[in-house]
Structure formats: C-alpha cells, structure tokens
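The structure under discussion appears below in the form of structure tokens.
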Amino acid sequence: MKLKCILLSVFALAAVSLHAAEKPDSLSHSRSPLKSVVQAGTAFAVNVGITEVLKHTVTERRPDGSGDDSFPSRHTSWAYNLGSIGARELYRFSPWSVTGFHAMASAVGMQRIMARRHLPRDVLAGAAIGVASAELGYWLGGLFFHDAPLKLPHMSYERLAAFDYATVAVFPLSDIGEGLSLRTGFSAKAHVIYPLNEHLGLLAALKVQSLPVYRSGQFFGLLDSAGLSAGASYGMSLGGRWGIESDIVIGVSRVWGQGGYNCGRWAFDCDATLGFPCRIADMLMLGPRAGYNVMVMSDAISMLTLSFFTQITF
C-alpha cells in the first residue's frame with residue numbers, strides 16, 4: 001500500500017508537469033484579482049483536504065518515533081502547493097519566482113528529512129500532492145469564470161543558456177553492505193547550462209541527496225550527500241514546444257550519515273539523465289527527467305532517478 005502510494009505520487013508529479021505544459025496560458029495570462037484569489041484559495045483547500053485525509057488514514061511511523069502520521073509530509077505538501085500558487089501569480093512579474101519557489105519548497109522537504117521527522121518517501125509524496133492539488137485547484141477555481149479563449153503566441157523549444165531546478169525521486173538499485181539496505185530517497189538538483197551551439201552545451205550541477213538506511217527491515221539512519229559536478233548537455237527540438245535533452249556529469253560528493261549509520265567520506269559521482277522540456281512561457285520550460293546515477297565510495301551504489309524540473313532560459 002505504501003509503495004503504491006509513493007510510486008503513484010511520484011508519477012503524478014511527472015504527469016502534472018505534462019498537463020501544465022499543455023496549458024501555457026496559466027502563467028502568462030493576466031488574471032483578475034478576484035479570479036486569482038478564488039483559484040489560489042481553491043488550490044490550497046484541495047491540498048489541505050487531500051493531505052489531511054492521507055495523514056489520518058495511512059499509518060506510517062516517523063523516523064524519530066514521535067508518531068504514526070508520517071505519510072505524507074504536511075509541511076512539504078503545503079510548501080509545494082503554496083510555491084506553485086506563488087509561481088503562477090508572480091511569474092508575470094519575475095520568471096525567476098518559479099525556480100525560487102521550487103527551491104524553497106524542496107528546502108522545506110530536505111529539512112524535514114534532516115530533522116528525522118519524515119522519510120524521503122513521505123516528502124516525495126508531499127511534493128507530488130502539493131503540485132498536483134495546485135493544478136487541480138486552479139482548474140476547479142477557473143470553472144467559476146467564463147473568460148474568452150486566450151489566443152496563445154507561437155512558442156518553440158530553443159537551446160539557450162538556462163538555470164534549472166529539480167525535485168528528484170531516487171530509487172537505489174544496490175545496497176551498502178554490512179547487512180544494510182537503501183530505500184527510496186529524495187534529492188534536489190540545480191543545473192546551469194551554457195550553450196556552445198544550437199545543440200551542445202556545458203553543464204555545472206549542484207546536488208543535495210538523502211537516502212534512508214535500513215537494517216533488518218527497520219529504519220537505521222540516513223546516508224546524506226552534497227556534491228558538485230560538471231559535464232556536457234545535448235539538446236534538440238522534437239517539434240513545437242517540446243525538446244529532448246541528454247546530460248552527463250561527473251563530480252565529487254561529500255557523504256555523511258545520521259542516526260545509527262555514521263560515515264564521513266568523499267565519493268565519486270557520475271550522473272546521466274534524459275529530459276523532455278516543454279516551453280510554456282517566454283522564459284520558462286518544465287518537464288520530466290529520468291536518469292541513472294552511480295556513487296562510488298568503498299562500494300558502488302547505483303540508482304535510478306525520476307524528477308520534475310523547472311527551467312529559466314535567458
């Protein structure tokens with residue numbers, strides 16, 4: 001039941017990104033103050049309803065043992081929901097508000113993990129619920145208004161200098177030995193892309209990641225890491241507003257542990273991803289991204305990743 005909830009939530013996050021990408025007017029359309037209030041209020045109300053129902057029906061022990069209402073993370077759900085609302089309402093004033101709210105929401109999620117109040121899967125579910133409920137709430141709120149159809153300007157995918165920020169679900173494929181296993185983790189990643197030509201670009205990345213460590217089926221601690229990497233990025237148009245981007249980066253990460261699992265070491269990090277950005281406004285693209293990551297310490301840990309990213313082009 002728990003695993004199904006997690007996977008459905010993560011894939012819902014990717015699905016919402018695709019749905020939002022087909023609604024480019026949602027950010028660029030200048031709405032009336034009344035419509036903004038109604039849609040934002042509906043979005044938050046939907047979020048509170050979904051989050052509270054799950055909090056009181058799914059039994060999940062908190063990592064610090066303080067209760068059985070860990071799933072999903074309420075703070076993270078609210079942060080991503082309010083961040084989505086803020087991004088919608090403030091984009092027309094500054095496109096950077098989108099990545100700014102995204103970064104702040106993921107920081108809330110990471111803090112909940114580091115404080116051992118939630119497992120990464122609780123935070124991932126909260127993030128997915130927050131974004132999905134905002135999309136649903138804006139759609140429901142819009143039903144009260146009968147605006148004339150908006151004539152959208154032509155937009156297409158272009159390979160430009162960009163900054164993007166991603167919320168990442170991490171699925172370990174290997175364990176760390178000593179009878180310890182890794183479970184679904186949470187990561188936040190920031191990319192800066194500098195194009196060399198219409199397809200190829202240089203890429204620098206910053207990543208913060210947390211993986212729960214289990215012993216004999218019981219939560220044992222956290223394997224946390226933060227790292228810098230650099231590499232290359234290749235992008236091309238798929239026609240219209242959609243593009244495809246393939247990235248590969250190599251770097252180093254500082255790894256440390258919490259709880260029963262303590263370690264302090266450096267790791268070699270290699271990450272390859274494939275993303276599908278869609279231009280939904282003049283300076284904004286978003287979409288899903290999948291990848292494969294290897295982190296080498298004394299042993300190699302391989303991981304699959306699935307993420308949702310927002311990208312500001314300039």
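Naming scheme: A, B, ... for chains in displayed order of the structure tokens; residues 1 onward per chain; ligands 1 onward as shown.
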For Val58 of chain A, work out the shell of residues within 9 Å, counting only C-alpha atoms and skipping chain neighbours fewer than 3 positions away, then give it as a short mmCIF file (atom, residue, chain, number, x, y, z; two decimals) with N, CA, C and O atoms, in the first residue's frame.
```cif
data_model
loop_
_atom_site.label_atom_id
_atom_site.label_comp_id
_atom_site.auth_asym_id
_atom_site.auth_seq_id
_atom_site.Cartn_x
_atom_site.Cartn_y
_atom_site.Cartn_z
N MET A 1 0.84 -1.20 0.00
CA MET A 1 0.00 0.00 0.00
C MET A 1 0.87 1.25 0.00
O MET A 1 0.67 2.18 -0.78
N LYS A 2 1.88 1.28 0.88
CA LYS A 2 2.74 2.45 0.98
C LYS A 2 3.52 2.66 -0.31
O LYS A 2 3.61 3.78 -0.82
N VAL A 53 -6.61 13.89 4.75
CA VAL A 53 -7.22 12.57 4.62
C VAL A 53 -6.14 11.49 4.67
O VAL A 53 -6.27 10.47 5.37
N LEU A 54 -5.06 11.70 3.93
CA LEU A 54 -3.97 10.72 3.92
C LEU A 54 -3.27 10.65 5.28
O LEU A 54 -2.90 9.56 5.74
N LYS A 55 -3.08 11.79 5.92
CA LYS A 55 -2.42 11.81 7.23
C LYS A 55 -3.17 10.97 8.26
O LYS A 55 -2.57 10.37 9.14
N ASP A 68 2.66 8.20 14.45
CA ASP A 68 2.37 7.28 13.35
C ASP A 68 1.70 8.00 12.18
O ASP A 68 0.95 7.39 11.42
N ASP A 69 1.93 9.30 12.05
CA ASP A 69 1.30 10.08 10.99
C ASP A 69 2.34 10.71 10.06
O ASP A 69 2.23 11.86 9.67
N SER A 70 3.33 9.91 9.69
CA SER A 70 4.44 10.45 8.90
C SER A 70 4.09 10.67 7.44
O SER A 70 4.66 11.54 6.78
N PHE A 71 3.16 9.88 6.90
CA PHE A 71 2.85 9.92 5.46
C PHE A 71 1.55 10.65 5.19
O PHE A 71 0.52 10.30 5.78
N PRO A 72 1.55 11.65 4.30
CA PRO A 72 2.71 12.31 3.68
C PRO A 72 3.21 13.45 4.56
O PRO A 72 2.62 13.74 5.60
#
```
Open item on the list: Taking the DSSP secondary structure from the backbone, can you list the residues of segment 62-277 of chain A that are strand (DSSP E or B), as a PyMOL selection string?
Closed with: chain A and resi 69+162-172+177+180-182+185-195+200-215+218-239+242-259+264-275
TODO: Please provide the set of residues having any atom within 8 Å of Pro195 of chain A, restricted to only C-alpha atoms, with same-chain residues fewer than 6 positions apart removed, written as a PyMOL selection string.
DONE: chain A and resi 159-161+201-202
Selected residues, C-alpha atoms, written as a compact mmCIF listing (two decimals), in the first residue's frame, please.
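Dumped everything to again29.txt:
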```
# COMPACT_ATOMS: atom_id res chain seq x y z
CA ARG A 159 18.63 25.63 -26.83
CA LEU A 160 19.55 28.65 -24.68
CA ALA A 161 21.57 29.49 -21.59
CA GLY A 201 26.30 22.93 -24.08
CA LEU A 202 28.42 22.85 -20.93
```
Open item on the list: With only C-alpha atoms as the counted atoms, please give the residues lying no more than 10 Å from segment 249-257 of chain A, apart from itself and same-chain residues fewer than 2 positions off, as a PyMOL selection string.
Closed with: chain A and resi 202-213+221-233+247+259-273+293-297
Open item on the list: Need the shell around segment 286-288 of chain A: protein/DNA/RNA residues with any atom at most 6 Å away, counting only C-alpha atoms. Skip same-chain ones fewer than 6 positions apart. Format as number ranges by chain?
Closed with: A: 14, 17, 275-278, 307-311
Open item on the list: Which residue is closest to Met285 of chain A? Choose from A:Val46, A:Ala166, A:Leu200, A:Ala128 and count only C-alpha atoms.
Closed with: A:Ala166
Task: Close residues, Trp139 of chain A itself excluded, 9 Å, only C-alpha atoms, min 5 positions apart in chain, as number ranges by chain - done: A: 39, 43, 134
File dump, residues just selected, all heavy atoms, as a PDB file, in the first residue's frame:
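The file below, selection-v1.pdb, is the result:
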```pdb
ATOM      1  N   GLN A  39      -8.983  31.018  -7.386  1.00  0.00           N
ATOM      2  CA  GLN A  39      -8.202  29.858  -7.814  1.00  0.00           C
ATOM      3  C   GLN A  39      -7.148  29.475  -6.778  1.00  0.00           C
ATOM      4  O   GLN A  39      -6.963  28.287  -6.489  1.00  0.00           O
ATOM      5  CB  GLN A  39      -7.544  30.136  -9.164  1.00  0.00           C
ATOM      6  CG  GLN A  39      -8.540  30.155 -10.322  1.00  0.00           C
ATOM      7  CD  GLN A  39      -7.851  30.295 -11.662  1.00  0.00           C
ATOM      8  OE1 GLN A  39      -7.056  31.212 -11.875  1.00  0.00           O
ATOM      9  NE2 GLN A  39      -8.150  29.389 -12.580  1.00  0.00           N
ATOM     10  N   ALA A  43      -7.089  25.996  -4.711  1.00  0.00           N
ATOM     11  CA  ALA A  43      -5.907  25.134  -4.785  1.00  0.00           C
ATOM     12  C   ALA A  43      -5.420  24.740  -3.397  1.00  0.00           C
ATOM     13  O   ALA A  43      -5.092  23.573  -3.143  1.00  0.00           O
ATOM     14  CB  ALA A  43      -4.794  25.846  -5.553  1.00  0.00           C
ATOM     15  N   ALA A 134      -2.460  21.855  -6.579  1.00  0.00           N
ATOM     16  CA  ALA A 134      -2.480  23.222  -7.107  1.00  0.00           C
ATOM     17  C   ALA A 134      -3.049  23.233  -8.519  1.00  0.00           C
ATOM     18  O   ALA A 134      -3.886  24.077  -8.864  1.00  0.00           O
ATOM     19  CB  ALA A 134      -1.073  23.814  -7.095  1.00  0.00           C
TER      20      ALA A 134
END
```
Open item on the list: I need the alpha helix (DSSP H) residues of segment 56-160 of chain A per DSSP on the backbone, written as a ChimeraX atom specification.
Closed with: /A:56-57,74-90,96-114,120-142
